[in-house]
Amino acid sequence: MTLPDRRIARRIPTWGAVAPLLGFRRPVWNRVDRRLAQALSVKDLARIARRTTPRSVFDYVHGAAEDELSIARARRAFASVEFEPRVLHDVAEVDTSTTILGSPASFPLIMAPTGFTRMMQHEGEIAVARAAARAGVPYTLSTMGTTSPAELQQAVPAGTNWFQLYLWKDRDGTRQLIDEARRAGYDTLVLTVDTPVAGNRLRDARNGLTIPPTLNLKTMWDMAWHPSWWFNVLTTDPIEFASLRSFDGTVAELVAKMFDPSLRLEDLAWLREEWSGKLVVKGIQSVADAQRVVDAGADALVVSNHGGRQLDRAPTPLRLLPDVAAAVGDRAEIFLDTGILSGADVLAAVGLGADACMVGRAYLYGLMAGGERGVDRMLQIMRHEAVRTMQLSGVSTVAELRGRVRLG
């Protein structure tokens, strides 16, 4: 039996046929844009940030307290999440929008308060607030920020800007900060309550981190590897606590002044009387405390262990979230913080009972990697991840995720 001839005809390839296979792209001449184009995830932004930022500054963002168990457990909790996909649903168009404390938001995300932001990258808080405003999500300015409430509000008047507060031992000083935020037009105050004392952050101690950075042999050596960062620090306004410019003392003395280990529930009641706007309490780590702060008048609470930066071995916020939502979710909005590095993480928290999530490290990685454009890139990445997750899960709105997420 003779088999048919199955030889495939050959031809000489032409340039027109080869060129599309070579993957040549138009060159990107701007080095920041070139860096950011390589970032496909927040973890990619973190790797870029590590290359572009001095070690001590990057570690201040990336690190946590003591053995860093709390942050590791928080990330493992997100890794254990399972979505429950539904098929044969129309997901050609999905809607990531929601409302946060009565205001529209394009995505259930809030930019968390972070201190010393201009130390990470010279564009600082204003760059983050501008990116948040473009993305349609709230931004929270820290009391320990390097831009004052009035300066930020003037620079980003169209943003949804919140102000974060510590209740000082000096109540008159606290009242002055509240008045400053009120005069600047802020309508939402975020009270942080998980800092009776500063956490033991070993990376910062080992790196000899100071605010602002000091020049010694170690930092001079680091300068040689990160000349752009140092040039920007040395040629822009000094890094200082913008809301506390009148304070005359060391950073340690300032922290001792700001963090009040005698803080009690009665002090929250005092703040509720002083502040007529919306009040968010950040740092809730038990159902009992969630109930207490809502009873005291909080409009929202943040289930958070401060990004693992305070008490190591603290409760894992994502695992605590469903119980808090069941206890107080009908009386106050619930936000989640700690360990969030993707849009899928945000949706997982929403599915388990959160109204929105707060992120800090994620946007700081973007800021360090590329300034304002880096924060834009981080928000773009998270939203794209969320849209894809929703489509693959068979949901058209974020509200449909409730009850469709499991923790392993």
# chains A, B, ... in the order shown; residues from 1 in each chain; ligands from 1

call {"tool": "select_by_dssp", "arguments": {"residues": "stretch 37-204 of chain A", "states": "helix (DSSP H, G or I)", "output": "ChimeraX atom specification"}}
result
/A:37,42-52,55-62,69-79,117-120,124-135,149-155,171-184,202-204

call {"tool": "residues_around", "arguments": {"residues": "stretch 152-164 of chain A", "least_positions_apart": "5", "cutoff": "9 Å", "atoms": "only C-alpha atoms", "output": "number ranges by chain"}}
result
A: 103, 112-113, 125-126, 129-130, 132-134, 136-144, 147, 178, 181, 184-192, 280

call {"tool": "atom_distance", "arguments": {"atom1": "atom CA of A:Asp44", "atom2": "atom CA of A:Trp29"}}
result
20.2 Å

call {"tool": "select_by_dssp", "arguments": {"residues": "stretch 150-348 of chain A", "states": "strand (DSSP E or B)", "output": "MDAnalysis selection string"}}
result
chainID A and resid 161:165 188:192 278:284 300:303 333:337

call {"tool": "write_last_selection", "arguments": {"atoms": "C-alpha atoms", "output": "mmCIF file, in the first residue's frame"}}
result
data_model
loop_
_atom_site.group_PDB
_atom_site.id
_atom_site.type_symbol
_atom_site.label_atom_id
_atom_site.label_comp_id
_atom_site.auth_asym_id
_atom_site.auth_seq_id
_atom_site.Cartn_x
_atom_site.Cartn_y
_atom_site.Cartn_z
ATOM 1 C CA ASN A 161 -9.758 64.160 51.085
ATOM 2 C CA TRP A 162 -9.897 62.816 54.644
ATOM 3 C CA PHE A 163 -7.686 63.678 57.627
ATOM 4 C CA GLN A 164 -6.156 61.160 60.028
ATOM 5 C CA LEU A 165 -5.685 62.048 63.686
ATOM 6 C CA THR A 188 -14.117 63.043 57.461
ATOM 7 C CA LEU A 189 -11.751 62.367 60.358
ATOM 8 C CA VAL A 190 -9.926 59.043 60.780
ATOM 9 C CA LEU A 191 -8.875 58.377 64.378
ATOM 10 C CA THR A 192 -6.061 55.828 64.760
ATOM 11 C CA LYS A 278 -17.935 61.777 59.700
ATOM 12 C CA LEU A 279 -15.773 59.813 62.115
ATOM 13 C CA VAL A 280 -13.812 56.673 61.225
ATOM 14 C CA VAL A 281 -11.972 54.652 63.900
ATOM 15 C CA LYS A 282 -8.920 52.787 62.585
ATOM 16 C CA GLY A 283 -7.210 49.887 64.327
ATOM 17 C CA ILE A 284 -10.075 47.614 65.429
ATOM 18 C CA ALA A 300 -17.171 53.615 60.199
ATOM 19 C CA LEU A 301 -14.358 51.478 61.520
ATOM 20 C CA VAL A 302 -11.229 49.964 60.023
ATOM 21 C CA VAL A 303 -10.408 46.367 60.887
ATOM 22 C CA GLU A 333 -19.455 51.003 57.436
ATOM 23 C CA ILE A 334 -16.571 48.561 57.695
ATOM 24 C CA PHE A 335 -13.219 49.008 56.003
ATOM 25 C CA LEU A 336 -10.334 46.529 55.944
ATOM 26 C CA ASP A 337 -6.621 47.278 56.057
#

call {"tool": "residues_around", "arguments": {"residues": "A:Arg171", "least_positions_apart": "4", "cutoff": "10 Å", "atoms": "only C-alpha atoms", "output": "PyMOL selection string"}}
result
chain A and resi 167+175-177+267+270-271

call {"tool": "closest_residue", "arguments": {"among": "A:Pro261, A:Gly343, A:Gly124, A:Gly297", "to": "A:Thr236", "atoms": "only C-alpha atoms"}}
result
A:Gly124

call {"tool": "residues_around", "arguments": {"residues": "stretch 61-64 of chain A", "least_positions_apart": "2", "cutoff": "7 Å", "atoms": "only C-alpha atoms", "output": "compact mmCIF listing (two decimals) with N, CA, C and O atoms, in the first residue's frame"}}
result
# COMPACT_ATOMS: atom_id res chain seq x y z
N VAL A 57 14.86 53.59 53.54
CA VAL A 57 13.55 54.14 53.21
C VAL A 57 12.62 53.05 52.71
O VAL A 57 11.46 52.96 53.12
N PHE A 58 13.12 52.19 51.81
CA PHE A 58 12.28 51.09 51.32
C PHE A 58 11.87 50.18 52.47
O PHE A 58 10.71 49.76 52.57
N ASP A 59 12.80 49.86 53.35
CA ASP A 59 12.48 48.98 54.48
C ASP A 59 11.47 49.60 55.42
O ASP A 59 10.68 48.88 56.06
N GLU A 66 8.89 43.62 64.69
CA GLU A 66 9.56 42.45 65.26
C GLU A 66 9.84 41.37 64.22
O GLU A 66 10.57 41.61 63.25
N GLU A 68 7.80 40.19 62.06
CA GLU A 68 6.94 40.44 60.90
C GLU A 68 5.97 39.28 60.64
O GLU A 68 5.62 38.97 59.50
N ILE A 71 2.10 40.62 59.39
CA ILE A 71 1.91 40.94 57.98
C ILE A 71 2.00 39.68 57.13
O ILE A 71 1.26 39.53 56.15
N ARG A 201 9.94 48.23 65.38
CA ARG A 201 10.26 47.96 63.97
C ARG A 201 11.76 47.78 63.82
O ARG A 201 12.52 48.74 63.76
N ARG A 203 13.71 46.62 61.47
CA ARG A 203 14.43 47.06 60.27
C ARG A 203 14.88 48.52 60.41
O ARG A 203 16.00 48.87 60.05
N GLY A 308 0.64 45.29 60.32
CA GLY A 308 1.63 44.47 61.03
C GLY A 308 2.75 45.28 61.65
O GLY A 308 3.76 44.71 62.09
N ARG A 309 2.58 46.60 61.75
CA ARG A 309 3.66 47.48 62.18
C ARG A 309 3.61 47.82 63.66
O ARG A 309 4.47 48.55 64.16
N ARG A 361 0.90 50.50 51.81
CA ARG A 361 2.12 50.04 51.16
C ARG A 361 1.97 50.02 49.64
O ARG A 361 2.89 50.41 48.91

call {"tool": "residues_around", "arguments": {"residues": "A:Asp95", "least_positions_apart": "2", "cutoff": "7 Å", "atoms": "only C-alpha atoms", "output": "PyMOL selection string"}}
result
chain A and resi 93+97+396-397

call {"tool": "write_last_selection", "arguments": {"atoms": "C-alpha atoms", "output": "PDB file, in the first residue's frame"}}
result
ATOM      1  CA  GLU A  93     -19.660  45.141  31.271  1.00  0.00           C
ATOM      2  CA  SER A  97     -18.233  51.562  41.667  1.00  0.00           C
ATOM      3  CA  SER A 396     -21.522  42.503  37.359  1.00  0.00           C
ATOM      4  CA  THR A 397     -21.313  44.627  40.541  1.00  0.00           C
TER       5      THR A 397
END

call {"tool": "atom_distance", "arguments": {"atom1": "atom CA of A:Ala296", "atom2": "atom CA of A:Arg402"}}
result
27.4 Å

call {"tool": "atom_distance", "arguments": {"atom1": "atom CA of A:Gln38", "atom2": "atom CA of A:Thr53"}}
result
17.1 Å

call {"tool": "residues_around", "arguments": {"residues": "stretch 369-372 of chain A", "least_positions_apart": "5", "cutoff": "6 Å", "atoms": "only C-alpha atoms", "output": "ChimeraX atom specification"}}
result
/A:32,48-49,127

call {"tool": "closest_residue", "arguments": {"among": "A:Met358, A:Leu88, A:Glu82, A:Ala325", "to": "A:Val294", "atoms": "only C-alpha atoms"}}
result
A:Ala325

call {"tool": "closest_residue", "arguments": {"among": "A:Gly366, A:Gly277, A:Pro196, A:Pro315", "to": "A:Ser262", "atoms": "only C-alpha atoms"}}
result
A:Pro196

call {"tool": "closest_residue", "arguments": {"among": "A:Leu341, A:Phe83, A:Ala354, A:Pro104", "to": "A:Glu385", "atoms": "only C-alpha atoms"}}
result
A:Leu341

call {"tool": "residues_around", "arguments": {"residues": "A:Ala348", "least_positions_apart": "5", "cutoff": "12 Å", "atoms": "only C-alpha atoms", "output": "VMD selection string"}}
result
chain A and resid 77 to 84 108 318 to 319 321 to 322 336 339 to 343 353 to 357 385 to 386 389 to 390 393 398 to 407

call {"tool": "closest_residue", "arguments": {"among": "A:Leu234, A:Ala37, A:Val87, A:Ala74", "to": "A:Leu392", "atoms": "only C-alpha atoms"}}
result
A:Val87
